[in-house]
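Report on the following structure.
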Amino acid sequence: MKPAVGPGQLLILIPAFNEVGAIAGVIHEVQAVVPHAPILVVDDASTDGTDRRARSAGADVLRLPYHLGLGGGVQAGYKLAFEFGYEYVIRVDGDGQHDPKYIPALLDTLRETGCHMVIGSRFQDSNGGYTNAVRAMGIWFFRLVLRPILGKPVRDPTSGFVGVNRQALRVFTGSFPLEYPEIEALVVLQRKRFQFQEVPCRMRRRQTGRSTITAVKSLYYIFHVLLGVFINVLKFERRRRKDAPREED
Amino acid sequence: MERLLNVTTVLSILLVAMVLFSVRRSHIRVEYSVSWLAAAVILLVLSRSSFALNWISRQLGLADPPLALLLLVFCVFVIVIYRLSVVISDLKDAHIAMAQRLAILEFQLQNRPANFNEE
């Protein structure tokens, strides 16, 4: 992978942890859809040889020295993309749940609307796709919570199939949630008055492995994300009040 | 009451000794020993000064000075643990940033051009 040459360059970012069974397939699918875009796999210290499999499939690999979690890995990829001058980054999960055929739709939306973030949404056109009942309930709950905060509805706030432009990249290199980052990242951008769009897409079942969010972890997930959202709202409101010009000025 | 105060005195002295010993053996850095030493000294003073303890219990509206002592012990250790949580969070942030930087530098080294040293 080389630094971006010229404006408007796209990087595909694939965070992966122990995805040796799926990673090569995901890389080949991405290569088929966007053959000229460099692919960066962020290997979160996998122990099953995911990094070697990704390299042999033709991707560049940013290997973390120890396990940082999803947010830490994605942020590392964002930092490298920003330093290398990329204009757009689209994140595709390494487990095969995201269908790369929607990448051009995400990229076109970023380019044409000028929005800062685009979300591949499995509910935008009610086309759904695979999601389990517990997760569907969580998504419904967070839709309700986020509606007044974001000022507009978001159909699929937990989707990790997202694209960002360079302005959002700059924000995320400085501040990015470490655990369960999708919802908090949306709030971080919204508090900076950045815009997001949703693009309909279809999710698939993961090809191998298991989700990190088990039924037991679901409650912790809800509590953690709610707290993160609340803290972000408070943080940015405080900063906004501090930055606002005083009346006597 | 007297027994509780004596036990608190002994525990405070033990805490001071343990912290100083750990600092000497470099198990705790000096800057992180300050909270523990301050906590131990506060408890030591309160357990040996019935005037101070009675005054605090009156201020807190507690009829029983030992109850005030337990409440103070609780508060002191909550403050120490809170401070440590702040320190751990800062360390974790720094640790993550360092790991990311290390990974990026390693990536750049591995991907530098073959003739990099000749240029």
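In the structure tokens, chains take letters A, B, ... by order of appearance, with residues numbered from 1 within each chain and ligands from 1 in the order shown.
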Open item on the list: Would you pick out the contacts of B:Ala38 at 12 Å or less, using only C-alpha atoms, so that residues sharing its chain but fewer than 2 positions from it are not included, and give the list as a PyMOL selection string?
Closed with: chain B and resi 12-13+15-16+19+31-36+40-45+73+76-77+79-80
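The interface of chain A with chain B at 10 Å, considering only C-alpha atoms, consists of Met1, Lys2, Val42, Asp60, Val61, Leu62, Arg63, Leu64, Pro65, Tyr66, His67, Leu68, Gly72, Gly73, Gln75, Ala76, Gly77, Lys79, Leu80, Glu83, Gly174 and Leu178 of chain A.
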Would you save the residues from that selection as a PDB file, in the first residue's frame, using C-alpha atoms?
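New file part30.pdb:
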```
ATOM      1  CA  MET A   1       0.000   0.000   0.000  1.00  0.00           C
ATOM      2  CA  LYS A   2       1.340   3.380  -0.958  1.00  0.00           C
ATOM      3  CA  VAL A  42      -6.100  -4.452  10.393  1.00  0.00           C
ATOM      4  CA  ASP A  60      -1.777  -5.122   2.999  1.00  0.00           C
ATOM      5  CA  VAL A  61      -1.810  -5.952   6.675  1.00  0.00           C
ATOM      6  CA  LEU A  62      -1.477  -3.595   9.603  1.00  0.00           C
ATOM      7  CA  ARG A  63      -0.779  -5.977  12.467  1.00  0.00           C
ATOM      8  CA  LEU A  64      -1.355  -4.648  15.968  1.00  0.00           C
ATOM      9  CA  PRO A  65       1.169  -5.716  18.617  1.00  0.00           C
ATOM     10  CA  TYR A  66      -1.585  -6.909  20.969  1.00  0.00           C
ATOM     11  CA  HIS A  67      -5.361  -7.137  21.012  1.00  0.00           C
ATOM     12  CA  LEU A  68      -6.913  -3.650  21.191  1.00  0.00           C
ATOM     13  CA  GLY A  72      -8.685   0.389  18.635  1.00  0.00           C
ATOM     14  CA  GLY A  73      -8.110  -1.584  15.443  1.00  0.00           C
ATOM     15  CA  GLN A  75      -8.863   3.717  14.647  1.00  0.00           C
ATOM     16  CA  ALA A  76      -5.358   2.431  13.828  1.00  0.00           C
ATOM     17  CA  GLY A  77      -6.525   1.876  10.240  1.00  0.00           C
ATOM     18  CA  LYS A  79      -4.839   6.890  11.395  1.00  0.00           C
ATOM     19  CA  LEU A  80      -2.794   5.169   8.702  1.00  0.00           C
ATOM     20  CA  GLU A  83      -1.447   9.868   7.228  1.00  0.00           C
ATOM     21  CA  GLY A 174      -8.241  11.963  17.537  1.00  0.00           C
ATOM     22  CA  LEU A 178     -12.805   1.613  21.679  1.00  0.00           C
TER      23      LEU A 178
END
```
Excluding A:Val20 and any residue of its chain fewer than 6 positions from it, enumerate the residues within 10 Å of it, using only C-alpha atoms, and give them as a compact mmCIF listing (two decimals) with C-alpha atoms, in the first residue's frame.
```
# COMPACT_ATOMS: atom_id res chain seq x y z
CA SER A 46 -5.00 -12.74 15.71
CA THR A 47 -3.59 -16.06 16.83
CA ASP A 48 -4.85 -18.14 13.90
CA GLY A 49 -2.72 -16.77 11.05
CA THR A 50 -5.28 -14.27 9.74
CA ASP A 51 -2.45 -11.87 8.84
CA ARG A 52 -0.62 -14.43 6.67
CA ARG A 53 -3.84 -15.47 4.93
CA ALA A 54 -4.71 -11.83 4.23
CA GLY A 94 -13.60 -9.46 7.97
CA ASP A 95 -16.24 -12.06 8.81
CA THR A 208 -17.03 -18.45 10.04
CA GLY A 209 -16.54 -17.84 13.76
```
- [ ] Quick one: pull the distance between atom CA of A:Lys101 and atom CA of A:Val33, Å, one decimal.
- [x]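 These two atoms are separated by 6.1 Å.
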- [ ] Please report, as a list of chain:residue names, each residue of stretch 67-243 of chain A to which DSSP assigns strand (DSSP E or B) when run on this structure's backbone.
- [x] A:Tyr88, A:Val89, A:Ile90, A:Arg91, A:His98, A:Met117, A:Val118, A:Ile119, A:Gly120, A:Ser121, A:Gly129, A:Val162, A:Gly163, A:Val164, A:Asn165, A:Phe196, A:Gln197, A:Glu198, A:Val199, A:Pro200, A:Met203
Please dump the current selection as a PDB file, in the first residue's frame; keep C-alpha atoms.
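File written: result.pdb
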```pdb
ATOM      1  CA  TYR A  88     -12.418   8.043   1.544  1.00  0.00           C
ATOM      2  CA  VAL A  89     -12.281   4.926   3.698  1.00  0.00           C
ATOM      3  CA  ILE A  90     -14.924   2.221   3.552  1.00  0.00           C
ATOM      4  CA  ARG A  91     -14.912  -0.353   6.315  1.00  0.00           C
ATOM      5  CA  HIS A  98     -20.924  -7.229   4.554  1.00  0.00           C
ATOM      6  CA  MET A 117     -20.285   9.323   6.830  1.00  0.00           C
ATOM      7  CA  VAL A 118     -22.379   6.776   5.018  1.00  0.00           C
ATOM      8  CA  ILE A 119     -23.904   3.720   6.640  1.00  0.00           C
ATOM      9  CA  GLY A 120     -24.776   0.516   4.843  1.00  0.00           C
ATOM     10  CA  SER A 121     -28.228  -0.018   6.307  1.00  0.00           C
ATOM     11  CA  GLY A 129     -31.141  -9.403   5.547  1.00  0.00           C
ATOM     12  CA  VAL A 162     -19.592   2.396   6.924  1.00  0.00           C
ATOM     13  CA  GLY A 163     -17.709   4.814   4.754  1.00  0.00           C
ATOM     14  CA  VAL A 164     -16.158   8.083   5.905  1.00  0.00           C
ATOM     15  CA  ASN A 165     -14.591  11.033   4.162  1.00  0.00           C
ATOM     16  CA  PHE A 196     -24.539  11.082   7.611  1.00  0.00           C
ATOM     17  CA  GLN A 197     -26.571   9.176   5.048  1.00  0.00           C
ATOM     18  CA  GLU A 198     -27.838   5.620   4.912  1.00  0.00           C
ATOM     19  CA  VAL A 199     -27.632   3.404   1.866  1.00  0.00           C
ATOM     20  CA  PRO A 200     -29.714   0.252   1.589  1.00  0.00           C
ATOM     21  CA  MET A 203     -26.252  -8.270   5.356  1.00  0.00           C
TER      22      MET A 203
END
```
Open item on the list: Quick one: residues within 12 Å of B:Ser47, only C-alpha atoms, excluding same-chain residues fewer than 2 positions away - as a ChimeraX atom specification?
Closed with: /B:1-13,40-45,49-54,65-66,68-70,72-73
For the residues in that selection, give me C-alpha atoms as a compact mmCIF listing (two decimals), in the first residue's frame.
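After the write, result-v3.txt holds the following:
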```txt
# COMPACT_ATOMS: atom_id res chain seq x y z
CA MET B 1 -14.90 2.22 70.59
CA GLU B 2 -11.40 2.10 72.03
CA ARG B 3 -10.71 -1.27 70.39
CA LEU B 4 -11.89 -0.03 66.99
CA LEU B 5 -9.62 3.01 67.30
CA ASN B 6 -6.66 0.81 68.26
CA VAL B 7 -7.28 -1.52 65.33
CA THR B 8 -7.48 1.48 63.00
CA THR B 9 -4.20 2.82 64.39
CA VAL B 10 -2.46 -0.51 63.82
CA LEU B 11 -3.88 -0.84 60.30
CA SER B 12 -2.82 2.72 59.44
CA ILE B 13 0.74 2.08 60.63
CA ALA B 40 -3.03 6.23 56.13
CA VAL B 41 -1.99 9.44 57.89
CA ILE B 42 -5.59 10.73 57.98
CA LEU B 43 -6.76 7.49 59.56
CA LEU B 44 -3.87 7.47 62.01
CA VAL B 45 -4.60 11.02 63.17
CA SER B 49 -7.35 12.17 68.30
CA SER B 50 -10.72 11.70 70.00
CA PHE B 51 -11.23 15.49 69.84
CA ALA B 52 -10.99 15.49 66.03
CA LEU B 53 -13.17 12.41 65.70
CA ASN B 54 -15.86 13.80 68.04
CA PRO B 65 -17.95 8.58 66.60
CA PRO B 66 -16.95 5.06 65.40
CA ALA B 68 -18.01 8.64 61.62
CA LEU B 69 -14.64 6.89 61.51
CA LEU B 70 -16.02 4.10 59.29
CA LEU B 72 -14.37 8.55 56.72
CA VAL B 73 -12.45 5.34 56.03
```
Open item on the list: Residues of stretch 11-115 of chain A classed as alpha helix (DSSP H) by DSSP on the backbone are to be reported as a PyMOL selection string.
Closed with: chain A and resi 23-33+50-56+70-83+103-113
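Here atom CA of A:Val26 is placed at a distance of 27.6 Å from atom CA of A:Val171.
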Open item on the list: Quick check, in Å to one decimal: how far apart do atom CA of A:Leu13 and atom CA of A:Thr158 lie?
Closed with: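 It comes out at 17.4 Å.
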